[in-house]
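Below is one structure; the comments refer to it alone.
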Amino acid sequence: MTRLKNNLFTMLVSVVLISGNDLLFGSEYITRLPLIKKDVSTGFSNGGWKYDRYKNLQSLDAHASITVADIKGPGIIKHIHTTRHTPPDLMPRGIVLEIYFDDAREPAVHSPLADFFGDGCNGQSENFSSLLVECTPWSYNCYFPMPFKKRAKVVFRNDTDKNAMNYSYVEWETLPEWKPDMGYFHATYNREVFQLTKNTDKIMFEVKGSGHIIGRQYSVSSNEHIFKSFGFIMEGNNEIDIDGRERAVDYLGTEDSFTFSWGFQGKFAGLRAGMPLVKLDGDTNLLSIYRFHDHMPIRFNKVLRWHINWRQETGFVARPDWDIAVGDDGCWVDYATVYYWYQDKPGGFKHSSLPPVAERMKVLSRHSKNHVANMDEALNANIELDPQLTNTFSMPQDMKRVTIRNTFADIYPFHIDKPEPKGGHPGNPNPGRTGIVAVHPKDVFNPCVMLRKVAIPMGGSCSLRVVTSGDPYEAVHNCDFILQAGIHDGNEIAWFDKEVIESGVEPSESNWRTLEYTLKGYSGKTVTIIITVASGGPNGDWANEEAFFDEISVIKDQ
């Protein structure tokens with residue numbers, strides 16, 4: 001029993017330390033803790049906080065840089081601490097961490113703050129603690145050991161237009177001597193936005209020299225329907241070519257390379273691997289994952305190339321719907337990555353340049369096409385101006401006041417005078433409304449499109465009102481659809497936020513949804529109202545996406 005307790009304790013406190021030439025873990029590290037080192041001294045440096053004892057400290061103001069630590073070697077950085085900042089959507093990628101060693105011209109570390117600390121998708125991860133980085137309540141911590149021979153400089157740069165209230169510090173120790181087989185810590189941020197096709201083989205990271213990979217962090221996003229739950233995205237083989245050996249390491253799936261199985265099933269935070277963000281809402285899906293290889297670094301002597309290859313996924317590349325989506329300018333994915341490694345040189349690595357902060361903030365830099373077939377053709381068609389602002393579909397002829405395209409089969413659209421309390425095809429909406437138009441998207445890629453041209457009155461303010469329901473009688477737990485409203489002013493479309501419309505588990509008048517959107521700015525203009533009905537949502541990609549509308553009206557605000 002005593003041995004079991006000791007083993008459990010060792011696993012729980014598995015921490016890392018460089019002593020001499022060696023990385024020490026677990027029981028080795030615990031054993032070394034009592035050793036007295038008279039030839040080692042403790043170093044500490046504050047930064048950012050000029051509002052207390054040290055009023056001469058630089059503050060992290062807009063478009064300014066601060067040096068948190070400038071240390072003479074030989075030494076080893078053991079800990080970097082810094083605050084997280086507000087506003088939470090601007091600062092995570094608006095502040096950049098750079099670390100220089102031995103007066104190298106290029107930084108060894110170059111990354112937006114949040115990505116370096118595993119706070120993925122522009123600072124949306126849950127708090128977590130791992131072996132080497134922490135994303136804690138309102139702060140970040142890094143425990144990568146960073147030895148240096150002559151000098152180390154830790155810099156924070158604020159690329160935003162706002163001052164940041166920052167407090168940072170660096171903890172280090174002196175080294176009795178520098179040993180030539182010590183490596184310099186490196187980390188680099190890169191972002192790749194690409195269309196995932198059956199021929200995709202994407203290089204994610206490449207480095208020349210001698211050293212070893214110690215970990216990586218990915219922030220992945222996509223709004224492609226067939227990639228829901230990151231299906232297919234996870235299937236790519238992670239192939240690592242080392243010193244001329246192709247596939248020296250070959251993980252048969254991205255989730256497996258991060259130590260998970262069967263996709264990305266739920267949030268998890270471990271010592272060496274974690275998934276602190278998984279967002280699957282049927283629209284933009286987000287994923288943040290990390291893994292550290294401290295137990296067995298991936299070593300290279302000349303060159304290492306890490307790429308993800310989807311070409312070998314037989315079941316994936318054979319699917320016809322994937323070809324259709326690619327042909328319709330879909331299947332775009334967004335990868336923001338940080339790789340961590342040690343290398344024999346303190347500089348020389350060419351980091352990717354960072355785009356402007358507004359672009360960095362986006363969690364999805366390229367959307368897959370909103371699969372609305374012939375939208376331009378529909379908008380340019382001779383849609384008659386409807387002289388009435390309201391349309392409650394009281395009579396069947398009211399359907400003629402709306403242009404409806406891309407509907408499923410031949411039965412849609414159709415008019416319902418009074419819904420019946422039953423399921424089947426065609427279906428019925430929730431009770432409580434009369435005079436209803438029923439539509440259904442053409443297929444999983446092509447939403448149904450409804451268009452109304454109206455003249456917005458001059459003066460005062462108006463809103464667009466949409467009253468809608470799903471079918472509560474069939475496929476109850478799978479029935480939902482994505483509704484998006486937009487306004488075309490003759491030049492461009494201004495889209496409102498997408499809405500997930502669920503039918504409700506039991507038929508009820510309360511399951512009807514009333515959505516209202518401000519039309520401020522369109523006073524006196526003739527516009528085309530656009531309503532799209534698409535498959536998707538959290539309950540299923542393609543399961544009874546019937547949509548029912550009791551009203552699509554322009555109303556004057558009270």
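By order in the structure tokens, chains are A, B, ...; within a chain, residues start at 1; ligands start at 1, following the order shown.
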
- Query: Any idea what's packed within 6 Å of stretch 173-187 of chain A, counting only C-alpha atoms, ignoring anything in its chain fewer than 6 positions away? Could you give it as number ranges by chain?
  - Reply: A: 40-43, 74-76, 108-109, 146, 149, 339-344, 346

Keeping C-alpha atoms, export the residues of the selection given above as a short mmCIF file (atom, residue, chain, number, x, y, z; two decimals), in the first residue's frame.
data_model
loop_
_atom_site.label_atom_id
_atom_site.label_comp_id
_atom_site.auth_asym_id
_atom_site.auth_seq_id
_atom_site.Cartn_x
_atom_site.Cartn_y
_atom_site.Cartn_z
CA VAL A 40 22.97 28.78 -7.60
CA SER A 41 21.14 32.03 -6.86
CA THR A 42 17.48 32.98 -7.34
CA GLY A 43 16.49 35.73 -9.75
CA PRO A 74 24.32 31.59 -17.75
CA GLY A 75 20.92 31.02 -16.26
CA ILE A 76 17.57 29.30 -16.66
CA ALA A 108 13.15 32.41 -30.16
CA VAL A 109 9.54 32.80 -28.99
CA MET A 146 14.49 28.05 -20.65
CA LYS A 149 24.26 31.08 -22.04
CA TYR A 339 4.75 24.56 -31.68
CA TYR A 340 7.19 24.38 -28.75
CA TRP A 341 10.70 22.96 -29.17
CA TYR A 342 14.34 23.12 -28.05
CA GLN A 343 17.12 23.85 -30.52
CA ASP A 344 20.89 24.18 -30.49
CA PRO A 346 19.34 30.78 -29.86
#

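Near A:Gly315, within 12 Å and counting only C-alpha atoms, sit A:Lys198, A:Gly231, A:Phe232, A:Glu235, A:Gly236, A:Trp322, not including residues fewer than 6 positions from it in the same chain.
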
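Using only C-alpha atoms, the protein and nucleic acid residues lying no more than 12 Å from A:Glu420, apart from those fewer than 3 places from it along its own chain, are Ile416, Asp417, Gly423, Gly424, His425, Pro426, Gly427, Asn428, Pro429, Asn430, Pro431, Gly432, Arg433, Thr434, Ile436, Asp471, Pro472, Tyr473 and Pro507 of chain A.
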
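Nearest to A:Arg157 of all the residues A:Leu304, A:Arg513, A:Gly48, A:Pro88 is A:Gly48, counting only C-alpha atoms.
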
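Each of A:Trp138, A:Tyr251, A:Tyr51, A:Phe128 was compared to A:Ala269 using only C-alpha atoms, and A:Phe128 turns out to be the nearest.
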
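The list of residues with at least one atom within 8 Å of A:Ile99, based on only C-alpha atoms and without residues fewer than 5 positions apart in the same chain, reads A:Pro107, A:Ala108, A:Val109, A:His110, A:Ala152, A:Lys153, A:Val154, A:Val155.
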
Residues just named, written with N, CA and C atoms as a PDB file, in the first residue's frame:
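Now in part26.pdb:
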ATOM      1  N   PRO A 107      13.585  36.666 -32.350  1.00  0.00           N
ATOM      2  CA  PRO A 107      13.116  36.069 -31.103  1.00  0.00           C
ATOM      3  C   PRO A 107      13.025  34.551 -31.235  1.00  0.00           C
ATOM      4  N   ALA A 108      13.351  33.857 -30.175  1.00  0.00           N
ATOM      5  CA  ALA A 108      13.148  32.407 -30.158  1.00  0.00           C
ATOM      6  C   ALA A 108      11.681  32.079 -29.947  1.00  0.00           C
ATOM      7  N   VAL A 109      10.970  32.955 -29.242  1.00  0.00           N
ATOM      8  CA  VAL A 109       9.542  32.795 -28.988  1.00  0.00           C
ATOM      9  C   VAL A 109       8.818  33.975 -29.612  1.00  0.00           C
ATOM     10  N   HIS A 110       7.789  33.686 -30.395  1.00  0.00           N
ATOM     11  CA  HIS A 110       6.999  34.745 -31.032  1.00  0.00           C
ATOM     12  C   HIS A 110       5.580  34.220 -31.187  1.00  0.00           C
ATOM     13  N   ALA A 152      19.040  36.609 -21.580  1.00  0.00           N
ATOM     14  CA  ALA A 152      17.646  36.313 -21.920  1.00  0.00           C
ATOM     15  C   ALA A 152      16.831  37.587 -21.726  1.00  0.00           C
ATOM     16  N   LYS A 153      15.940  37.856 -22.677  1.00  0.00           N
ATOM     17  CA  LYS A 153      15.090  39.047 -22.601  1.00  0.00           C
ATOM     18  C   LYS A 153      13.652  38.648 -22.899  1.00  0.00           C
ATOM     19  N   VAL A 154      12.747  38.943 -21.972  1.00  0.00           N
ATOM     20  CA  VAL A 154      11.331  38.621 -22.102  1.00  0.00           C
ATOM     21  C   VAL A 154      10.568  39.910 -22.358  1.00  0.00           C
ATOM     22  N   VAL A 155       9.851  39.951 -23.486  1.00  0.00           N
ATOM     23  CA  VAL A 155       9.196  41.182 -23.942  1.00  0.00           C
ATOM     24  C   VAL A 155       7.714  40.913 -24.187  1.00  0.00           C
TER      25      VAL A 155
END

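Picture a line from atom CA of A:Ser288 to atom CA of A:Tyr140; it runs 16.0 Å.
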
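In this comparison, which uses only C-alpha atoms, the residue of A:Phe393, A:Phe414, A:Phe156, A:Phe496 approaching A:Asp550 most closely is A:Phe393.
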
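The environment of A:Ala273 within 10 Å, counting only C-alpha atoms and disregarding residues fewer than 2 places along the same chain, consists of Ser130, Leu131, Gly215, Arg216, Gln217, Ser257, Phe258, Thr259, Phe260, Phe268, Ala269, Gly270, Leu271, Met275, Pro276, Ile289, Tyr290, Arg291, Phe292 and His293 of chain A.
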
Residues of the last selection are to be written out with C-alpha atoms, as a compact mmCIF listing (two decimals), in the first residue's frame.
# COMPACT_ATOMS: atom_id res chain seq x y z
CA SER A 130 -1.07 21.27 -17.31
CA LEU A 131 2.51 20.24 -16.80
CA GLY A 215 4.67 20.16 -27.54
CA ARG A 216 2.02 21.97 -29.58
CA GLN A 217 -1.31 23.74 -29.30
CA SER A 257 -1.89 12.46 -32.01
CA PHE A 258 -3.29 14.49 -29.12
CA THR A 259 -3.87 11.19 -27.18
CA PHE A 260 -7.69 11.10 -27.67
CA PHE A 268 -10.61 17.51 -20.68
CA ALA A 269 -7.51 18.92 -18.99
CA GLY A 270 -4.58 16.62 -18.25
CA LEU A 271 -0.92 17.00 -17.37
CA MET A 275 -9.12 19.85 -24.75
CA PRO A 276 -10.08 23.04 -22.88
CA ILE A 289 -6.28 21.18 -27.87
CA TYR A 290 -2.76 20.81 -26.47
CA ARG A 291 -0.20 18.07 -26.02
CA PHE A 292 3.29 17.96 -24.51
CA HIS A 293 5.97 15.40 -25.37

- Task: Might you pull out every residue within 7 Å of A:Ile404, with only C-alpha atoms counted and same-chain residues fewer than 5 positions away left off, and present them as a ChimeraX atom specification?
- Result: /A:449-451

- Output as a ChimeraX atom specification all residues of stretch 43-278 of chain A that backbone DSSP marks as helix (DSSP H, G or I). /A:91-94,113-116,120-123,225-230,233-235,254-257

N, CA and C atoms of the current selection, written as a short mmCIF file (atom, residue, chain, number, x, y, z; two decimals), in the first residue's frame:
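Saved file out16.cif follows:
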data_model
loop_
_atom_site.label_atom_id
_atom_site.label_comp_id
_atom_site.auth_asym_id
_atom_site.auth_seq_id
_atom_site.Cartn_x
_atom_site.Cartn_y
_atom_site.Cartn_z
N MET A 91 -7.63 41.61 -26.47
CA MET A 91 -6.28 41.45 -25.92
C MET A 91 -5.65 40.07 -26.11
N PRO A 92 -6.41 38.97 -26.10
CA PRO A 92 -5.75 37.66 -26.15
C PRO A 92 -4.77 37.50 -27.31
N ARG A 93 -5.13 38.01 -28.48
CA ARG A 93 -4.21 37.94 -29.61
C ARG A 93 -3.62 39.30 -29.96
N GLY A 94 -4.09 40.36 -29.27
CA GLY A 94 -3.55 41.69 -29.52
C GLY A 94 -2.24 41.92 -28.79
N LEU A 113 -0.33 36.18 -27.06
CA LEU A 113 -0.27 35.73 -25.67
C LEU A 113 -1.17 34.53 -25.41
N ALA A 114 -2.43 34.62 -25.80
CA ALA A 114 -3.38 33.55 -25.47
C ALA A 114 -2.98 32.24 -26.11
N ASP A 115 -2.55 32.27 -27.36
CA ASP A 115 -2.21 31.02 -28.04
C ASP A 115 -1.00 30.36 -27.40
N PHE A 116 -0.02 31.15 -27.00
CA PHE A 116 1.15 30.57 -26.34
C PHE A 116 0.75 29.81 -25.08
N GLY A 120 -7.16 28.87 -26.29
CA GLY A 120 -7.40 28.79 -27.72
C GLY A 120 -8.55 29.62 -28.23
N CYS A 121 -8.55 29.80 -29.56
CA CYS A 121 -9.62 30.49 -30.28
C CYS A 121 -9.84 31.89 -29.72
N ASN A 122 -8.75 32.63 -29.61
CA ASN A 122 -8.77 34.02 -29.13
C ASN A 122 -9.27 34.13 -27.70
N GLY A 123 -8.76 33.25 -26.82
CA GLY A 123 -9.02 33.41 -25.39
C GLY A 123 -10.33 32.84 -24.90
N HIS A 225 -20.71 22.32 -42.92
CA HIS A 225 -21.72 21.39 -42.39
C HIS A 225 -21.19 19.97 -42.27
N ILE A 226 -20.49 19.50 -43.30
CA ILE A 226 -20.07 18.10 -43.24
C ILE A 226 -18.88 17.88 -42.31
N PHE A 227 -18.32 18.98 -41.77
CA PHE A 227 -17.26 18.86 -40.77
C PHE A 227 -17.80 19.02 -39.36
N LYS A 228 -19.12 18.97 -39.21
CA LYS A 228 -19.69 19.12 -37.88
C LYS A 228 -19.07 18.09 -36.94
N SER A 229 -18.85 18.51 -35.69
CA SER A 229 -18.16 17.69 -34.69
C SER A 229 -16.72 17.39 -35.12
N PHE A 230 -16.23 18.17 -36.09
CA PHE A 230 -14.88 18.01 -36.62
C PHE A 230 -14.66 16.65 -37.26
N ILE A 233 -12.08 16.32 -40.33
CA ILE A 233 -10.93 17.12 -39.92
C ILE A 233 -9.99 16.29 -39.05
N MET A 234 -10.58 15.49 -38.16
CA MET A 234 -9.77 14.71 -37.22
C MET A 234 -9.08 13.53 -37.91
N GLU A 235 -9.53 13.18 -39.12
CA GLU A 235 -9.06 11.94 -39.73
C GLU A 235 -7.68 12.04 -40.38
N THR A 254 -5.63 12.96 -36.19
CA THR A 254 -5.23 14.09 -35.37
C THR A 254 -5.62 13.91 -33.92
N GLU A 255 -6.83 13.38 -33.68
CA GLU A 255 -7.24 13.23 -32.28
C GLU A 255 -6.33 12.24 -31.55
N ASP A 256 -5.86 11.21 -32.24
CA ASP A 256 -4.95 10.25 -31.62
C ASP A 256 -3.58 10.88 -31.36
N SER A 257 -3.17 11.80 -32.24
CA SER A 257 -1.89 12.46 -32.01
C SER A 257 -1.93 13.33 -30.77
#

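Residue nearest A:Asp334 within the list A:Met204, A:Val363, A:Ile383, A:Val193: A:Val193 [criterion: smallest interatomic distance, only C-alpha atoms].
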
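Counting only C-alpha atoms, the residue from A:Glu224, A:Ile36, A:Gly348, A:Gly536 that sits nearest to A:Ser368 is A:Glu224.
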
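Of the listed residues (A:Gln312, A:Asn190, A:Asn163, A:Thr526), A:Asn163 comes nearest to A:His85; the distances count only C-alpha atoms.
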